[in-house]
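Report on the following structure.
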Protein chains: 2
Amino acid sequence: LSAYSTRWKRKLQRQIRGEIAAEVLRMKDAIGIVPGLAVILVGDREESATYVSKKKEACEVVGINSFEVHLPEDATEQEVLNSISGFNEDPSVHGILVQLPLPSHMDEQNILNAVSIEKDVDGFHPLNIGCLAMRGREPLFVPCTPKGCIELLHRYGIPIKGKRAVVIGRSNIVGMPVALLLQREDATVSIVHSRTKNPEELTRQADIVIAAVGQTNMVRGSWIKPGAVVIDVGINPVEDKKKLSGFRLVGDVCYKEAKEIASAITPVPGGVGPMTIAMLLSNTLISAKRIHNF
Amino acid sequence: LSAYSTRWKRKLQRQIRGEIAAEVLRMKDAIGIVPGLAVILVGDREESATYVSKKKEACEVVGINSFEVHLPEDATEQEVLNSISGFNEDPSVHGILVQLPLPSHMDEQNILNAVSIEKDVDGFHPLNIGCLAMRGREPLFVPCTPKGCIELLHRYGIPIKGKRAVVIGRSNIVGMPVALLLQREDATVSIVHSRTKNPEELTRQADIVIAAVGQTNMVRGSWIKPGAVVIDVGINPVEDKKKLSGFRLVGDVCYKEAKEIASAITPVPGGVGPMTIAMLLSNTLISAKRIHNF
Ligand SMILES: NC(=O)C1=CN([C@@H]2O[C@H](COP(=O)(O)OP(=O)(O)OC[C@H]3O[C@@H](n4cnc5c(N)ncnc54)[C@H](OP(=O)(O)O)[C@@H]3O)[C@@H](O)[C@H]2O)C=CC1
Ligand SMILES: NC(=O)C1=CN([C@@H]2O[C@H](COP(=O)(O)OP(=O)(O)OC[C@H]3O[C@@H](n4cnc5c(N)ncnc54)[C@H](OP(=O)(O)O)[C@@H]3O)[C@@H](O)[C@H]2O)C=CC1
């Protein structure tokens with residue numbers, strides 16, 4: 001991470017995908033089973049469609065089967081539930097992912113609850129989060145983005161134990177689980193959120209900063225302790241007339257300032273994003289191995 | 001809490017018990033149901049027996065029925081499981097508590113898992129802890145000691161939102177859930193544990209300190225920010241020849257020093273301990289009300 005250059009990034013991506021592909025192959029050879037990931041997409045949000053196609057692409061690269069159901073924006077909740085229960089019962093599917101957000105006429109919690117916990121590769125089920133929070137318990141799946149953050153730290157040999165860590169943001173899908181993971185690895189963790197007074201002061205004490213806020217460039221250089229490691233989870237579109245799309249993506253950390261002070265920082269795009277997809281593949285593989293006792 | 005004198009303490013105990021007793025009576029009058037708490041005690045640890053009898057006594061005071069099974073130290077795991085399943089099915093029992101620790105030949109996790117989640121008034125089930133950790137989810141029960149700590153803060157009108165809180169200790173039964181609760185109330189929470197370097201530095205930043213470590217007098221006066229509120233969960237026996245028992249109980253906080261600096265501090269014994277029992281009664285009542293839709 002201290003050399004989180006494009007070359008390193010590519011190398012890491014290649015390495016992780018290579019490891020997963022090798023396991024997928026070994027499993028296929030040994031027991032004839034190929035892991036399968038099913039994605040349910042509802043509606044026509046361009047962003048969601050892009051994510052889904054990236055996930056399918058990534059599956060292909062490592063040899064994981066991918067399945068997709070695409071329902072129209074005006075589909076009923078029951079139709080989504082039917083798709084889920086089909087995948088729950090399909091033995092060739094080991095991971096099920098419902099692409100969020102769902103159309104507003106659907107009850108998100110109800111739909112997510114329908115995914116069989118054994119195939120919930122997102123790891124957002126409360127039972128799973130409870131196991132993540134508790135000592136002596138093991139979650140079935142670690143949520144993908146938080147897992148990707150920790151995996152980055154591991155791969156770059158950054159020690160966590162005994163370090164001060166500050167997580168900015170406490171959402172169910174990133175901030176809270178990433179804080180629980182850091183704590184499991186014996187960091188001393190503080191969680192900053194929108195009610196925190198003087199977030200800068202606390203952040204400046206951290207050896208490891210993980211920002212998952214959704215606020216463009218909120219974390220300035222002055223918030224960073226010299227030599228700290230910064231993981232920027234944020235993905236925020238900002239207007240950019242020079243781009244064909246009319247916007248570009250930036251993180252929650254002011255990269256230009258922070259990179260001068262941090263010992264390492266992940267870029268946006270290209271940092272945590274690709275790790276999230278890699279961890280989705282990893283969770284699908286773990287699920288297939290568990291279901292087939294491999 | 002700023003006047004956590006004996007007089008106040010008594011008044012608070014009386015008040016909480018009075019509220020619970022009134023609800024128990026109202027329920028009995030309206031639908032003829034009396035909440036029931038079942039306690040399973042295994043073996044002859046004197047301390048455990050004392051706790052159990054305190055709990056039974058407290059039930060009596062507020063009009064909750066109490067049931068007890070006392071099994072010998074050499075009972076089998078199956079015997080404990082049988083008692084649990086009896087209480088799971090018994091409609092007059094709304095809360096089930098297995099007094100810990102269990103004899104070492106038993107699998108604690110296995111036994112606790114057997115308690116029906118609807119009657120798990122201890123609130124230690126991972127599904128329950130997961131709901132505690134997640135926004136938009138509500139746990140069935142909030143674990144008693146953590147709930148007691150927060151209730152103390154509420155009853156004494158101590159604001160939590162936006163405050164810096166440090167929890168010392170991260171056990172499944174106290175530290176971790178109390179940190180989740182503080183966070184739910186919008187404190188900015190840091191968790192200190194045995195791998196934390198310089199715990200004093202972080203603790204001194206806190207407006208609210210909750211100590212649940214099990215280390216006699218670990219938190220010194222110098223650890224406390226002037227005016228902070230200190231909740232001492234620790235209950236540690238230290239030798240005392242002047243006592244009949246040969247020991248007395250002290251907390252994790254050096255009371256003598258801390259009381260000069262804190263704006264409020266709970267004493268040991270008599271602070272969090274009685275609140276824990278009160279919250280057990282409260283959870284049993286909540287359970288009975290939920291089961292009977294009252
Ligand atoms: N790289 C990847 O793969 C992924 C990236 N993301 C990106 O990460 C970011 C966060 O996503 P997500 O967790 O879903 O977002 P949410 O909106 O669910 O949560 C944002 C969190 O940040 C906190 N917050 C908001 N404003 C401030 C502020 N001014 N100061 C301090 N804290 C603040 C909120 O606090 P409070 O709780 O008090 O409201 C909340 O806890 C987004 O940019 C998103 O696009 C998300 C998922 C995956
Ligand atoms: N008032 C009441 O009703 C109750 C009181 N208690 C009392 O509360 C205390 C804690 O109980 P419990 O949570 O069950 O204890 P545990 O032993 O399960 O957990 C103790 C926690 O304290 C941490 N710790 C230990 N030593 C240190 C240290 N030197 N510095 C920083 N952290 C340290 C441990 O860290 P690590 O995780 O790294 O090991 C661990 O997280 C005990 O005295 C107990 O008797 C408990 C329950 C109810």
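Please note that chains go A, B, ... in the order of the structure tokens, that every chain numbers its residues from 1, and that ligands are numbered from 1 in the order shown.
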
Handout entry: Long-range neighbours of stretch 165-176 of chain B as a ChimeraX atom specification, 8 Å cut-off, only C-alpha atoms, 5 positions minimum in chain
Key = /A:133-135 /B:124,143,145-146,182,187-194,202-203,206-213

For the selection you just gave me, I'd like the residues written to a file as a short mmCIF file (atom, residue, chain, number, x, y, z; two decimals), in the first residue's frame, keeping C-alpha atoms.
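The resulting file, part.cif, is reproduced below:
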```cif
data_model
loop_
_atom_site.label_atom_id
_atom_site.label_comp_id
_atom_site.auth_asym_id
_atom_site.auth_seq_id
_atom_site.Cartn_x
_atom_site.Cartn_y
_atom_site.Cartn_z
CA ALA A 133 -19.44 -8.84 16.66
CA MET A 134 -18.97 -11.71 19.11
CA ARG A 135 -15.80 -13.32 20.34
CA PHE B 124 -26.75 -12.99 24.17
CA PRO B 143 -28.46 -7.58 27.47
CA THR B 145 -25.83 -5.17 32.34
CA PRO B 146 -25.33 -2.96 29.27
CA LEU B 182 -23.82 3.99 23.23
CA ALA B 187 -22.10 8.78 21.20
CA THR B 188 -18.71 8.66 19.50
CA VAL B 189 -17.42 5.39 20.89
CA SER B 190 -13.92 3.98 21.32
CA ILE B 191 -13.27 0.52 22.72
CA VAL B 192 -10.20 -0.11 24.85
CA HIS B 193 -8.98 -3.68 25.49
CA SER B 194 -5.94 -5.59 26.59
CA LEU B 202 -7.81 7.67 25.07
CA THR B 203 -9.82 7.32 28.28
CA ALA B 206 -14.01 10.64 27.22
CA ASP B 207 -17.08 12.40 28.54
CA ILE B 208 -18.47 9.00 29.51
CA VAL B 209 -16.25 6.14 30.70
CA ILE B 210 -17.64 2.64 31.14
CA ALA B 211 -15.19 0.22 32.72
CA ALA B 212 -15.86 -3.53 32.41
CA VAL B 213 -12.47 -5.13 32.73
#
```

Practice task
Show which residues sit within 12 Å of stretch 80-89 of chain A, as an NGL selection string. Count only C-alpha atoms, and ignore same-chain residues fewer than 2 positions away.
Solution key: :A and (36-43 or 66-78 or 91-99 or 102-103 or 106-120)

Exercise for the section: Write down as an MDAnalysis selection string the residues belonging to stretch 8-138 of chain B that are assigned alpha helix (DSSP H) by DSSP computed on the backbone. Expected result: chainID B and resid 8:31 46:62 77:89 108:114 126:133

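Distances to B:Gly270 were evaluated for B:Val24, B:Val250, B:Val142, B:Ala58 using only C-alpha atoms, and the minimum falls at B:Val250.
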
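Summary of the local environment: counting only C-alpha atoms, residues at most 9 Å from A:Gln215, other than itself and those fewer than 3 positions away along its chain, are Ala212, Met218, Val219, Gly234, Ile235, Asn236, Gly251, Asp252 and Val253 of chain A.
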
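If you look at atom CA of A:Val34 and atom CA of A:Ile64, they are 6.4 Å away from each other.
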
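Proximity of B:Leu127, B:Ala179, B:Leu140, B:Leu244 to chain A, computed with only C-alpha atoms, is greatest for B:Leu127.
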
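Candidate residues B:Lys28, B:Lys241, B:Lys161, B:Arg195 were compared for distance to ligand 1, and the nearest is B:Lys161, using only C-alpha atoms and all ligand atoms.
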
Completion exercise
Students should find that atom CA of B:Arg248 and atom CA of B:Lys147 are spaced 25.5 Å

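Distances from B:Gly221, B:Gly148, B:Gly123, B:Gly136 to ligand 1 were compared using only C-alpha atoms and all ligand atoms, and the smallest one belongs to B:Gly136.
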
Handout entry: Option closest in space to ligand 2, from B:Thr284, B:Asn293, B:Asn198, B:Asn65 [counting only C-alpha atoms and all ligand atoms]
Key = B:Asn198

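The residues of stretch 110-179 of chain B that DSSP assigns to strand (DSSP E or B) on this backbone come out as Arg164, Ala165, Val166, Val167 and Ile168 of chain B.
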
Output for the residues just chosen: C-alpha atoms as an mmCIF file, in the first residue's frame:
```cif
data_model
loop_
_atom_site.group_PDB
_atom_site.id
_atom_site.type_symbol
_atom_site.label_atom_id
_atom_site.label_comp_id
_atom_site.auth_asym_id
_atom_site.auth_seq_id
_atom_site.Cartn_x
_atom_site.Cartn_y
_atom_site.Cartn_z
ATOM 1 C CA ARG B 164 -17.145 10.976 23.458
ATOM 2 C CA ALA B 165 -17.490 7.603 25.177
ATOM 3 C CA VAL B 166 -14.785 5.104 26.007
ATOM 4 C CA VAL B 167 -15.671 1.539 26.912
ATOM 5 C CA ILE B 168 -12.890 -0.374 28.610
#
```

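Taking only C-alpha atoms and all ligand atoms into account, ligand 2 lies nearest to A:Arg184 out of the set A:His154, A:Lys11, A:Lys163, A:Arg184.
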
Handout entry: Residues near A:Val229, cut-off 6 Å, only C-alpha atoms, skip fewer than 6 positions along chain, as a PyMOL selection string
Key = chain A and resi 208+262-265
